[in-house]
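See below for model_10.txt, which holds compact mmCIF, C-alpha atoms.
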# COMPACT_ATOMS: atom_id res chain seq x y z
CA MET A 1 -11.94 -26.11 28.83
CA SER A 2 -13.98 -27.62 31.66
CA SER A 3 -17.77 -27.85 31.64
CA ASP A 4 -17.96 -25.34 34.50
CA LYS A 5 -15.97 -22.78 32.55
CA ASN A 6 -18.19 -23.28 29.52
CA ASN A 7 -21.27 -22.64 31.62
CA VAL A 8 -19.88 -19.47 33.12
CA SER A 9 -18.80 -18.20 29.72
CA ARG A 10 -22.22 -18.75 28.18
CA ARG A 11 -24.03 -17.24 31.16
CA ASP A 12 -21.77 -14.19 31.05
CA PHE A 13 -22.38 -13.91 27.31
CA LEU A 14 -26.15 -13.95 27.75
CA LYS A 15 -25.86 -11.19 30.34
CA THR A 16 -23.41 -9.01 28.40
CA THR A 17 -24.22 -9.32 24.70
CA GLY A 18 -24.20 -5.54 24.58
CA ILE A 19 -27.77 -5.18 23.40
CA ALA A 20 -30.73 -5.84 25.67
CA ALA A 21 -33.34 -8.22 24.35
CA GLY A 22 -35.96 -5.50 24.61
CA THR A 23 -33.90 -3.20 22.40
CA LEU A 24 -33.56 -5.91 19.79
CA VAL A 25 -37.31 -6.31 19.72
CA GLY A 26 -37.89 -2.60 19.26
CA GLY A 27 -35.35 -1.70 16.62
CA GLY A 28 -32.39 -2.71 14.49
CA LEU A 29 -32.91 -5.12 11.64
CA ILE A 30 -36.57 -5.70 12.26
CA GLY A 31 -37.49 -2.23 11.07
CA GLY A 32 -37.44 -3.72 7.56
CA LEU A 33 -40.50 -5.11 5.86
CA VAL A 34 -40.29 -8.87 5.82
CA GLY A 35 -41.84 -10.37 2.70
CA TYR A 36 -40.56 -7.81 0.19
CA ASN A 37 -37.57 -8.45 -2.02
CA ILE A 38 -34.86 -5.93 -2.81
CA ASN A 39 -36.80 -4.69 -5.83
CA GLY A 40 -39.76 -3.80 -3.65
CA LYS A 41 -42.07 -6.46 -5.08
CA GLY A 42 -44.03 -8.78 -2.85
CA THR A 43 -42.50 -12.24 -2.77
CA SER A 44 -43.81 -15.42 -1.23
CA THR A 45 -41.17 -17.37 0.66
CA LEU A 46 -42.42 -20.49 -1.06
CA GLU A 47 -41.58 -19.21 -4.54
CA HIS A 48 -37.83 -19.61 -4.11
CA ASP A 49 -37.69 -23.13 -2.72
CA GLY A 50 -40.90 -24.56 -4.05
CA HIS A 51 -41.75 -25.66 -0.54
CA GLY A 52 -41.62 -24.41 3.01
CA THR A 53 -42.17 -25.65 6.51
CA THR A 54 -44.06 -23.68 9.09
CA ASN A 55 -42.66 -22.53 12.40
CA GLU A 56 -45.38 -24.09 14.52
CA ALA A 57 -44.96 -21.56 17.30
CA LEU A 58 -45.88 -18.58 15.14
CA GLY A 59 -46.60 -19.65 11.59
CA SER A 60 -43.38 -18.09 10.29
CA PRO A 61 -42.41 -19.76 6.98
CA LYS A 62 -39.15 -21.64 7.29
CA ALA A 63 -38.05 -21.10 3.70
CA LYS A 64 -35.33 -19.04 2.04
CA MET A 65 -36.22 -15.68 0.48
CA PHE A 66 -32.78 -14.25 -0.35
CA PHE A 67 -30.25 -17.05 -0.75
CA ARG A 68 -30.68 -19.04 -3.96
CA ASN A 69 -28.24 -21.87 -3.26
CA GLU A 70 -27.73 -24.15 -0.29
CA ARG A 71 -23.94 -23.65 -0.17
CA ASP A 72 -24.17 -19.95 0.72
CA PHE A 73 -26.97 -20.53 3.22
CA SER A 74 -24.95 -23.31 4.86
CA ILE A 75 -21.88 -21.05 5.14
CA LEU A 76 -24.02 -18.40 6.80
CA SER A 77 -25.50 -21.02 9.15
CA LYS A 78 -22.11 -22.39 10.24
CA ALA A 79 -20.73 -18.89 10.83
CA THR A 80 -23.67 -17.78 12.96
CA GLU A 81 -23.54 -21.01 14.98
CA ARG A 82 -19.91 -20.29 15.94
CA ILE A 83 -20.91 -16.76 17.01
CA PHE A 84 -23.89 -18.04 19.04
CA PRO A 85 -23.25 -21.76 19.73
CA GLU A 86 -25.57 -24.34 21.20
CA ASP A 87 -24.74 -25.67 24.65
CA ASP A 88 -26.42 -27.01 27.77
CA LEU A 89 -28.08 -23.64 28.44
CA GLY A 90 -30.02 -23.61 25.20
CA PRO A 91 -29.99 -23.75 21.41
CA GLY A 92 -27.52 -21.93 19.21
CA ALA A 93 -28.09 -19.81 16.13
CA ILE A 94 -29.18 -22.71 13.93
CA GLY A 95 -31.60 -24.04 16.54
CA LEU A 96 -33.06 -20.54 16.89
CA ASP A 97 -33.52 -20.20 13.08
CA VAL A 98 -31.14 -17.23 13.01
CA PRO A 99 -30.00 -18.03 9.42
CA TYR A 100 -33.62 -17.79 8.25
CA PHE A 101 -34.04 -14.50 10.11
CA ILE A 102 -30.99 -13.04 8.36
CA ASP A 103 -32.14 -14.43 5.01
CA HIS A 104 -35.55 -12.78 5.38
CA GLN A 105 -34.03 -9.46 6.44
CA LEU A 106 -31.63 -9.41 3.49
CA ALA A 107 -34.64 -9.88 1.20
CA GLY A 108 -36.25 -6.72 2.59
CA ASN A 109 -35.45 -3.08 3.33
CA TYR A 110 -32.53 -3.99 5.59
CA GLY A 111 -30.74 -5.76 2.74
CA SER A 112 -31.38 -3.06 0.15
CA ASN A 113 -30.74 -0.08 2.51
CA SER A 114 -33.86 1.39 0.94
CA LYS A 115 -34.56 3.70 3.89
CA GLU A 116 -31.02 5.04 4.21
CA TYR A 117 -28.96 7.72 2.48
CA MET A 118 -26.70 5.90 0.03
CA GLN A 119 -25.05 8.70 -1.95
CA GLY A 120 -21.36 9.67 -1.85
CA PRO A 121 -18.80 10.62 -0.83
CA PHE A 122 -17.80 7.20 0.51
CA ASP A 123 -14.89 7.63 2.88
CA VAL A 124 -13.72 5.40 5.70
CA GLY A 125 -15.72 6.78 8.60
CA SER A 126 -15.20 6.68 12.33
CA PRO A 127 -17.15 4.17 14.42
CA THR A 128 -19.57 6.93 15.45
CA GLN A 129 -20.53 7.77 11.87
CA GLY A 130 -22.52 4.63 11.17
CA TYR A 131 -22.96 3.04 7.75
CA GLN A 132 -20.32 4.29 5.28
CA SER A 133 -20.15 1.75 2.44
CA ARG A 134 -21.40 2.29 -1.11
CA LEU A 135 -22.52 -1.35 -1.03
CA THR A 136 -25.89 -2.47 0.29
CA ARG A 137 -26.01 -4.97 3.11
CA SER A 138 -27.18 -7.69 0.73
CA GLU A 139 -24.11 -7.05 -1.45
CA ILE A 140 -21.83 -7.08 1.60
CA PHE A 141 -23.27 -10.35 2.86
CA ARG A 142 -22.97 -12.01 -0.56
CA GLN A 143 -19.36 -10.91 -0.87
CA GLY A 144 -18.54 -11.74 2.75
CA ILE A 145 -19.89 -15.28 2.44
CA GLN A 146 -17.90 -15.83 -0.75
CA ARG A 147 -14.75 -14.46 0.88
CA MET A 148 -15.22 -16.77 3.88
CA ASP A 149 -15.27 -19.72 1.50
CA ASP A 150 -12.26 -18.35 -0.40
CA GLU A 151 -10.37 -17.96 2.88
CA ALA A 152 -11.18 -21.56 3.80
CA GLN A 153 -9.73 -22.77 0.51
CA LYS A 154 -6.67 -20.56 0.96
CA ARG A 155 -5.92 -21.62 4.54
CA PHE A 156 -7.15 -25.21 4.72
CA LYS A 157 -7.73 -26.34 1.10
CA LYS A 158 -11.34 -27.10 2.01
CA SER A 159 -14.76 -25.54 1.63
CA PHE A 160 -15.95 -23.44 4.57
CA ASN A 161 -18.75 -25.96 5.01
CA ASP A 162 -16.18 -28.72 5.62
CA LEU A 163 -14.22 -26.91 8.33
CA ASP A 164 -14.23 -27.80 12.01
CA GLY A 165 -15.08 -25.31 14.73
CA LYS A 166 -11.53 -24.12 15.43
CA GLN A 167 -10.87 -23.52 11.74
CA ILE A 168 -14.08 -21.50 11.41
CA ASP A 169 -13.09 -19.49 14.49
CA GLU A 170 -9.73 -18.69 12.89
CA ILE A 171 -11.39 -17.32 9.78
CA LEU A 172 -14.02 -15.34 11.71
CA THR A 173 -11.26 -13.85 13.87
CA ALA A 174 -9.38 -12.77 10.73
CA PHE A 175 -12.54 -11.02 9.51
CA GLN A 176 -13.07 -9.41 12.90
CA LYS A 177 -9.53 -8.01 12.81
CA GLY A 178 -9.95 -6.69 9.26
CA GLU A 179 -7.25 -9.00 7.88
CA VAL A 180 -9.28 -10.31 4.91
CA GLU A 181 -9.41 -8.31 1.68
CA MET A 182 -12.87 -7.24 0.55
CA VAL A 183 -14.00 -4.85 -2.19
CA GLY A 184 -15.79 -1.66 -1.17
CA VAL A 185 -15.90 -2.55 2.52
CA GLN A 186 -13.59 -3.72 5.27
CA SER A 187 -13.92 -7.31 6.46
CA ALA A 188 -14.21 -6.04 10.05
CA PHE A 189 -17.36 -4.15 9.04
CA PHE A 190 -18.85 -7.30 7.53
CA PHE A 191 -18.10 -9.21 10.74
CA THR A 192 -19.80 -6.45 12.75
CA LEU A 193 -22.91 -6.76 10.57
CA LEU A 194 -22.86 -10.55 10.83
CA ARG A 195 -22.50 -10.57 14.61
CA ALA A 196 -25.22 -7.95 15.11
CA ALA A 197 -27.59 -9.81 12.77
CA THR A 198 -26.91 -13.06 14.63
CA LEU A 199 -27.79 -11.53 18.01
CA GLU A 200 -30.89 -9.84 16.63
CA GLY A 201 -32.04 -13.11 15.10
CA ALA A 202 -31.58 -14.84 18.44
CA TYR A 203 -33.52 -12.25 20.43
CA SER A 204 -36.05 -10.60 18.09
CA ASP A 205 -39.73 -11.48 18.05
CA PRO A 206 -40.22 -14.91 16.43
CA MET A 207 -42.63 -13.42 13.89
CA TYR A 208 -39.55 -12.18 12.01
CA GLY A 209 -38.23 -15.70 11.47
CA GLY A 210 -35.70 -16.15 14.30
CA ASN A 211 -35.82 -16.84 18.05
CA ARG A 212 -37.61 -20.10 17.36
CA ASN A 213 -40.15 -21.02 20.04
CA MET A 214 -38.95 -17.93 21.96
CA ASP A 215 -36.02 -19.94 23.32
CA GLY A 216 -33.71 -16.93 23.00
CA TRP A 217 -35.99 -15.03 25.36
CA ARG A 218 -36.22 -17.97 27.75
CA MET A 219 -32.44 -18.00 28.16
CA LYS A 220 -32.65 -14.38 29.33
CA ASN A 221 -35.94 -14.79 31.26
CA PHE A 222 -37.39 -12.11 28.99
CA PRO A 223 -41.22 -12.17 29.04
CA GLY A 224 -41.73 -10.93 25.51
CA HIS A 225 -44.95 -9.06 24.79
CA GLN A 226 -47.35 -9.51 27.68
CA MET A 227 -50.75 -7.83 27.60
CA ALA A 228 -50.44 -6.79 31.24
CA TYR A 229 -48.55 -7.43 34.49
CA ILE A 230 -51.43 -6.70 36.88
CA SER A 231 -51.10 -9.98 38.76
CA GLN A 232 -47.32 -9.70 39.20
CA ILE A 233 -46.51 -5.98 39.48
CA GLU A 234 -46.80 -5.74 43.26
CA ASP A 235 -44.98 -8.98 44.02
CA LYS A 236 -41.41 -8.24 45.15
CA LYS A 237 -40.15 -11.68 44.15
CA PHE A 238 -38.56 -12.28 40.76
CA GLN A 239 -41.27 -13.28 38.30
CA LYS A 240 -40.46 -15.99 35.77
CA ILE A 241 -43.12 -15.46 33.12
CA GLU A 242 -43.73 -17.66 30.11
CA PRO A 243 -42.90 -15.38 27.15
CA LYS A 244 -45.43 -14.33 24.53
CA SER A 245 -44.72 -13.09 21.02
CA LEU A 246 -46.63 -10.56 18.99
CA GLY A 247 -48.00 -13.46 16.99
CA ASN A 248 -49.69 -14.88 20.10
CA HIS A 249 -52.01 -11.87 20.50

Starting from the coordinates I provided, produce the structure as structure tokens.
Amino acid sequence: MSSDKNNVSRRDFLKTTGIAAGTLVGGGLIGGLVGYNINGKGTSTLEHDGHGTTNEALGSPKAKMFFRNERDFSILSKATERIFPEDDLGPGAIGLDVPYFIDHQLAGNYGSNSKEYMQGPFDVGSPTQGYQSRLTRSEIFRQGIQRMDDEAQKRFKKSFNDLDGKQIDEILTAFQKGEVEMVGVQSAFFFTLLRAATLEGAYSDPMYGGNRNMDGWRMKNFPGHQMAYISQIEDKKFQKIEPKSLGNH
């Protein structure tokens, strides 16, 4: 594919991701309490790794809270990077710290479904009925990551972490089409969760661990959380404003 086609594809993607950046900031995953594990107990991000680096832009700890081994975290990272890849227009999921965003969310209310009705019956619902699995999101992600690695071994006799981009795309497409067997949930549902979490990590406020340096917002010319627009509101020209996060106020 030519460079021009790649540019058009990425630009179109940024315009039509299906969820506006402002919506991602206001809802979705980031309704969960970051910093609490699935048992509801406060947990320092530094306890799991023994160390952590700071996101200089906002002071968000760059350390794992949910994943306990590097293999699973690396599988998640490679999958999200194929969903939201780096190119000449800006960083991809890994560069935006999306894997850390997802990790932090899985360690909180989002991962444990603690604010949602989780009693039966558990039938296969229609797309308009929302969450229908008896499994929590953290359980679905753990199983989904293991099944992605299993599928890599089955198809290519290699670990998911050793696959090239086209091989990863083949496996992700199989999940998207619901062709991979999972227990208690359809693989298509896991892919939907993974894709949505990737986009939210790319566009949410950096204080939640993703959208590093607000580069996701910059690719959309989204201003973030400005205190006021008094100096620009009457100007009819397009205003390119340096974004601000909640952590900057």

Item to check | Expected residue set, 12 Å radius at (-5.6, -20.4, 4.4), all atoms listed in the file, as a list of chain:residue names | outcome: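 Counting all atoms listed in the file, I find these residues within 12 Å of (-5.6, -20.4, 4.4): A:Arg147, A:Met148, A:Asp149, A:Asp150, A:Glu151, A:Ala152, A:Gln153, A:Lys154, A:Arg155, A:Phe156, A:Lys157, A:Lys158, A:Ser159, A:Phe160, A:Leu163, A:Gln167, A:Ile168, A:Glu170, A:Ile171, A:Ala174, A:Val180.
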
Checklist entry - Out of A:Thr80, A:Gln105, A:Ser133, A:Ser114, which residue has the shortest atom-to-atom distance to Gly209 in chain A when counting only C-alpha atoms? => result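 Nearest to Gly209 in chain A: A:Gln105.
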
Checklist entry - How many Å separate CA of Arg71 in chain A from CA of Ile102 in chain A? => result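 It comes out at 15.3 Å.
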
Closest atom pairs, range 57-175 of chain A residues within 8 Å of range 187-207 of chain A, all atoms listed in the file, as a Markdown table:
| residue | atom | partner | partner_atom | distance |
| --- | --- | --- | --- | --- |
| A:Leu58 | CA | A:Met207 | CA | 6.2 |
| A:Gly59 | CA | A:Met207 | CA | 7.7 |
| A:Ser60 | CA | A:Met207 | CA | 5.9 |
| A:Thr80 | CA | A:Thr198 | CA | 6.0 |
| A:Ile83 | CA | A:Arg195 | CA | 6.8 |
| A:Phe84 | CA | A:Thr198 | CA | 7.3 |
| A:Ala93 | CA | A:Ala202 | CA | 6.5 |
| A:Leu96 | CA | A:Ala202 | CA | 6.1 |
| A:Asp97 | CA | A:Gly201 | CA | 7.5 |
| A:Val98 | CA | A:Gly201 | CA | 4.7 |
| A:Pro99 | CA | A:Gly201 | CA | 7.8 |
| A:Phe101 | CA | A:Gly201 | CA | 5.6 |
| A:Ile102 | CA | A:Ala197 | CA | 6.4 |
| A:Ile140 | CA | A:Phe190 | CA | 6.6 |
| A:Phe141 | CA | A:Phe190 | CA | 7.1 |
| A:Gly144 | CA | A:Phe190 | CA | 6.5 |
| A:Leu172 | CA | A:Phe191 | CA | 7.4 |
| A:Phe175 | CA | A:Ser187 | CA | 5.0 |

Mind checking which residues fall within 12 Å of Gly120 in chain A, counting all atoms listed in the file, ignoring those fewer than 5 positions away in the same chain, and posting them as a short mmCIF file (atom, residue, chain, number, x, y, z; two decimals) with C-alpha atoms, keeping the file's coordinate frame?
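For reference, selection-v4.cif as written:
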data_model
loop_
_atom_site.label_atom_id
_atom_site.label_comp_id
_atom_site.auth_asym_id
_atom_site.auth_seq_id
_atom_site.Cartn_x
_atom_site.Cartn_y
_atom_site.Cartn_z
CA TYR A 131 -22.96 3.04 7.75
CA GLN A 132 -20.32 4.29 5.28
CA SER A 133 -20.15 1.75 2.44
CA ARG A 134 -21.40 2.29 -1.11
CA LEU A 135 -22.52 -1.35 -1.03
#

Item to check | Protein and nucleic acid residues near (-17.4, -22.3, 18.9) (cut-off 8 Å, all atoms listed in the file) as an NGL selection string | outcome: :A and (81-85 or 165-166 or 169)

Item to check | Straight-line distance linking CA of Ala63 in chain A with CA of Glu86 in chain A, stated in Å to one decimal | outcome: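 One can read the CA of Ala63 in chain A to CA of Glu86 in chain A distance as 21.7 Å.
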
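You will find CA of Glu179 in chain A at 24.4 Å from CA of Pro121 in chain A.
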